[in-house]
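Structure, as structure tokens:
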Amino acid sequence: MRLYAPSPVSEILDRLLDDPAVARAVVAHRLVPSTPARFAEVPPWVDPRIVRGLVTAGQERLWTHQAAAAQALHDGRDTVVVTPTASGKTLCYNLPVLQSVAEDPAARALYLFPTKALGQDQVAAFRALASAAGLEIACATYDGDTPAPVRSTVRSAGQVVVTNPDMLHAAILPHHTKWFQLFEQLRYVVVDELHTYRGVFGSHVANVLRRLLRICEHYGSHPVIACSSATIGNPAELAAMLTGRAPLCVDDSGAPSGERHVLVLDPPLLDPVLGVRGSSFALAERVALAFLRAGHQTIVFGRSRVSVELLLTALREAMREGRGPRERIRGYRGGYLPTERREIERGLRAGELLGVVSTNALELGVDIGGLEASVLVGYPGSIAATRQQMGRAGRRQDVSVSVLVATAGAVDQYVAAHPEYVLDRTPEEARLDPDNLHVLLAHLRAAAFELPFRPGERFGPAPADDLLAFLAEEGHVRQAGDGRWYWASENFPASEISLRSAADENVVIIDTTQDRPRVIGEVDLFAAPTIVHEDAIYLHESLQYHVDRLDWDERKAYVRRVDVDHYTQADLAVTLKPLDTFAAEPAGAGERAHGEVMVSSLATLYKKLRLETNENLGWGRIHLPELELHTTAYWVALDGATFAAWRRDDLDVALVGAGRAMQAVASVLLMSDPHDLGMVAQARSPHFGRPVVYLYEGIPGGVGLASRLFDRHFELIGGALDLVRGCPCDAGCPACTGPRLETGGDGKRLAERLLAVLAGEPAA
């Protein structure tokens, strides 16, 4: 019996579900019913010209959330709008901004988008509405692609300036005197895609906004802040952490939506003993081809640049027959030229392109038309991102299909075993820590460069005097006779801060293949020993580079293009020392805690692994100094008496296996990348004298992940136990406790036994 009325898309889905290769992989299939629109009248304060423009664009009335948000912003209320993909969030702030400039041509607005593509897209939307209203408004982007002659025009005459946080941080705020027309008349600040500002990036952007509002105050303006976001668990709290203000939250969407089928697929086991599964790529390709061959526009999301290129190649080869030139399916990722990205976006909107394979670069709200199917190859790392990617299909009110294909990784297998986690639960709470000392001090330097600090002036929650005194000892600032703190260094502080990293410095990667060396990227200092050590194979935009030399003192890695059949994987020896305990509580057969730790890491050797088979082709030593990371961690200290009867080698294996499972589940519970958390297991901790498992933040100072794990300890332990117990492998595998060679033949059984004790289950 069908759950739905027949339609072209649902007929394709029927045929897919009749395919045994797909049917046996389905672990969940949900039908999300359509919802009708709820309307509200255009507010009476809107200029008649703008009303005519809305009618011309086919929108005689607003959806209820659009009217509520526009009214709040017009009334001077900071507002955050949280509604699904394609629900018209842009109009919520475009309407009051357009009205403001229509009333007073001197009024200004600043739009912040996390990506250039999104900024370009929004400029087009704003210009279209202004043109339909017969209003001539200077709206332009100011980013790295903006030509120099245009930049001066935007600075002097731009009424709506569209940029990104990186550009605001490095090119606008440090040169605010050139932007005085903007800052004197700034009425609105728009912060779009709020949910992307989490972790280190969000912590940096919160400080950039502190600097922005400080400069606005200097010029006498007090802008209203408009935020918009995909659905997350704590939008109002996140907006408050990011902006320092308490906003009104508008989260009751009045937009219509079409019927959607959501499926979760898990490739079947090929080897139950080793836990080897079928290819997620092959399964995703099979699903995508069913829709592409039927002529339905489809988007496929890969988790990395390499996976995007591999998927694109496979789909193009498979589509050689019947559906026109291979170029009807395009790739989309970082590294493509801006002109290429704009061309692909236009092709999707116009229906000229049949499909696109993308990284999360197209996850955000760029208008790419009415796709009918979305295929996600691997869990994107959060419920919010999953729903964003799925929501790229079905932007019209027709039936759409979204499919998540799990990989063999531990996080994906947890999601496949618990599909209700993605399908039924509310999205995660996004976290950031703008007062992380490393981040705060960096932006305090930048703020002092921009404007002197008054005695007692706050930068964040407290007066900045003590931190400024510390910077004075370092020679960055000086205190004058009037008590003010002035910038005293020749350095340009903003240029030393990367918003995407908490480390003070990165290692620059220089390609020496051609006669003229060129910089092709950079890598975080703490990741460099395992990624760009000498003789490493570094992957960049699907190309292979051999690291010829790593100049550690100068923080430069020199690479050249190669074409080899292997990649490299480095081993890292990690030791951890607790420095301070912030909180600790008994928890079953142990104690949960979080606090401050010092992590020492030393890259020791690397392996050469064949690309297709992971066969070990050899190894080499890495000669680099030990790195120390001062950060925060969550840990579980096991009760010594409870585990005293365990054999030492069994306990070693159990701790590593349980720790790996906890690490995988932690990245699902938190809105974090699996690499944001490191794991250390100690059978006899030098500090506590008993077994301990640590999950530490891979970011200097941490951004609050450790405290969140402390709060969700029991959920974490229960989830790790479910992951290990539910894995169909015999003795441990990469999907639960880690590779069998690392944990031994009894790794799964021992990890399950340890986690069961921590979960409070009676001894077997």
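Ordered as shown in the structure tokens, chains take letters A, B, and onward, while each chain numbers its residues from 1 and ligands are numbered from 1 in the order shown.
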(request) Per DSSP on the backbone, filter region 44-291 of chain A down to the residues in helix (DSSP H, G or I) and report them as a PyMOL selection string. (result) chain A and resi 48-56+64-74+89-103+116-132+148-157+165-184+194-196+199-219+235-243+280-291
(request) Apply DSSP to the structure's backbone, then extract all residues of region 522-584 of chain A labelled strand (DSSP E or B) and return them as a PyMOL selection string. (result) chain A and resi 522-524+537-540+543-551+556-562+566-584
(request) Do a neighbour search on region 297-309 of chain A at 6 Å with only C-alpha atoms, toss out local chain neighbours closer than 4 positions, and write the hits as a VMD selection string. (result) chain A and resid 354 to 359 371 to 377 542
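Remark: for Glu450 (chain A), the closest of the candidate residues A:Ala130, A:Ile344, A:Ala557, A:Ala170 is A:Ala170 (distances computed over only C-alpha atoms).
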(message) Show me, as a list in words, the residues that have an atom within 10 Å of Thr83 (chain A) when counting only C-alpha atoms, minus same-chain residues fewer than 2 positions from it.
(response)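 Skipping anything fewer than 2 positions along the chain leaves His65, Val80, Val81, Thr85, Ala86, Ser87, Gly88, Lys89, Ser228, Ser229, Ala230, Thr231, Ile232, Val250, Asp251, Asp252, Ser253, Gly254 and Ala255 of chain A.
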(message) Taking 2 positions as the minimum chain separation for residues in the same chain, which residues sit within 6 Å of region 423-434 of chain A when counting only C-alpha atoms? Answer as a list in words.
(response) Arg198, Gly199, Gly202, Ser203, Ala206, Ile232, Gly233, Asn234, Ile383, Ala384, Glu420, Tyr421, Asn436 and Val703 of chain A
(message) I'd like the neighbourhood of Cys729 (chain A) as a list in words, where a residue qualifies if any of its atoms comes within 9 Å (using only C-alpha atoms), though same-chain residues fewer than 2 positions away should be ignored.
(response) Leu269, Asp271, Pro272, Val273, Leu274, Gly275, Val276, Gly726, Cys727, Ala731, Gly732, Cys733, Ala735, Cys736 and Lys748 of chain A
Print the selection's residues with C-alpha atoms to a file, as a PDB file, in the first residue's frame.
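This went into again18.pdb:
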```pdb
ATOM      1  CA  LEU A 269      27.477  -5.656   5.545  1.00  0.00           C
ATOM      2  CA  ASP A 271      32.033  -9.048   6.031  1.00  0.00           C
ATOM      3  CA  PRO A 272      30.337  -9.341   9.455  1.00  0.00           C
ATOM      4  CA  VAL A 273      33.600 -10.326  11.167  1.00  0.00           C
ATOM      5  CA  LEU A 274      35.546  -7.224  10.115  1.00  0.00           C
ATOM      6  CA  GLY A 275      32.515  -4.945   9.860  1.00  0.00           C
ATOM      7  CA  VAL A 276      33.194  -4.164   6.181  1.00  0.00           C
ATOM      8  CA  GLY A 726      24.258  -2.403  18.031  1.00  0.00           C
ATOM      9  CA  CYS A 727      27.200  -2.762  15.653  1.00  0.00           C
ATOM     10  CA  ALA A 731      35.014  -8.125  17.386  1.00  0.00           C
ATOM     11  CA  GLY A 732      35.197  -4.393  16.801  1.00  0.00           C
ATOM     12  CA  CYS A 733      35.558  -2.319  13.643  1.00  0.00           C
ATOM     13  CA  ALA A 735      32.232   1.814  12.942  1.00  0.00           C
ATOM     14  CA  CYS A 736      32.279   1.229  16.706  1.00  0.00           C
ATOM     15  CA  LYS A 748      34.195  -4.944  21.151  1.00  0.00           C
TER      16      LYS A 748
END
```
(request) Using CA of Phe453 (chain A) and CA of Asn207 (chain A) as the two end points, give the distance in Å to one decimal. (result) 15.3 Å
Quick one: everything within 9 Å of Gly76 (chain A), counting only C-alpha atoms, minus sequence neighbours fewer than 6 positions away in the same chain. Send it as an mmCIF file with N, CA and C atoms, in the first residue's frame.
```cif
data_model
loop_
_atom_site.group_PDB
_atom_site.id
_atom_site.type_symbol
_atom_site.label_atom_id
_atom_site.label_comp_id
_atom_site.auth_asym_id
_atom_site.auth_seq_id
_atom_site.Cartn_x
_atom_site.Cartn_y
_atom_site.Cartn_z
ATOM 1 N N PRO A 223 22.654 50.795 15.305
ATOM 2 C CA PRO A 223 21.881 49.988 14.347
ATOM 3 C C PRO A 223 21.064 48.888 15.015
ATOM 4 N N VAL A 224 19.942 48.567 14.381
ATOM 5 C CA VAL A 224 19.138 47.409 14.756
ATOM 6 C C VAL A 224 19.772 46.181 14.111
ATOM 7 N N ILE A 225 19.817 45.055 14.850
ATOM 8 C CA ILE A 225 20.454 43.839 14.323
ATOM 9 C C ILE A 225 19.382 42.823 13.932
#
```
Please report as JSON lines every residue of region 108-169 of chain A lying within 9 Å of region 184-189 of chain A, along with the nearest atom pair and their distance in Å (one decimal), using only C-alpha atoms.
```
{"residue": "A:Arg108", "atom": "CA", "partner": "A:Leu186", "partner_atom": "CA", "distance": 4.7}
{"residue": "A:Ala109", "atom": "CA", "partner": "A:Tyr188", "partner_atom": "CA", "distance": 4.8}
{"residue": "A:Leu110", "atom": "CA", "partner": "A:Val189", "partner_atom": "CA", "distance": 4.9}
{"residue": "A:Tyr111", "atom": "CA", "partner": "A:Val189", "partner_atom": "CA", "distance": 5.9}
{"residue": "A:Leu112", "atom": "CA", "partner": "A:Val189", "partner_atom": "CA", "distance": 7.6}
```
Create the file for the chosen residues now, containing C-alpha atoms and written as a PDB file, in the first residue's frame.
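Heads up, here's the output in result_15.pdb:
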```pdb
ATOM      1  CA  ARG A 108      22.830  52.720   5.378  1.00  0.00           C
ATOM      2  CA  ALA A 109      22.655  48.970   6.000  1.00  0.00           C
ATOM      3  CA  LEU A 110      25.394  46.347   6.385  1.00  0.00           C
ATOM      4  CA  TYR A 111      24.691  42.732   5.382  1.00  0.00           C
ATOM      5  CA  LEU A 112      26.959  39.921   6.623  1.00  0.00           C
TER       6      LEU A 112
END
```
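Ranking A:Val200, A:Ala603, A:Leu31, A:Ala573 by their shortest atom-to-atom distance to Thr530 (chain A), with only C-alpha atoms included, puts A:Ala603 first.
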(request) Go through A:Val82, A:Ala583, A:Ala593, A:Val208 and flag the residue nearest Arg445 (chain A), using only C-alpha atoms for the distances. (result)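 Among the listed residues, A:Val208 lies closest to Arg445 (chain A).
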(request) One decimal, Å: what's the distance from CA of Asn164 (chain A) over to CA of Cys227 (chain A), could you say? (result)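 Interatomic distance here is 13.9 Å.
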(message) Between CA of Leu624 (chain A) and CA of Ser601 (chain A), what distance in Å does the model show, to one decimal?
(response) 10.4 Å
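Minimum atom-to-atom distances from A:Gly718, A:Gly409, A:Gly331, A:Gly618 to Val757 (chain A) were compared using only C-alpha atoms, and the lowest value belongs to A:Gly718.
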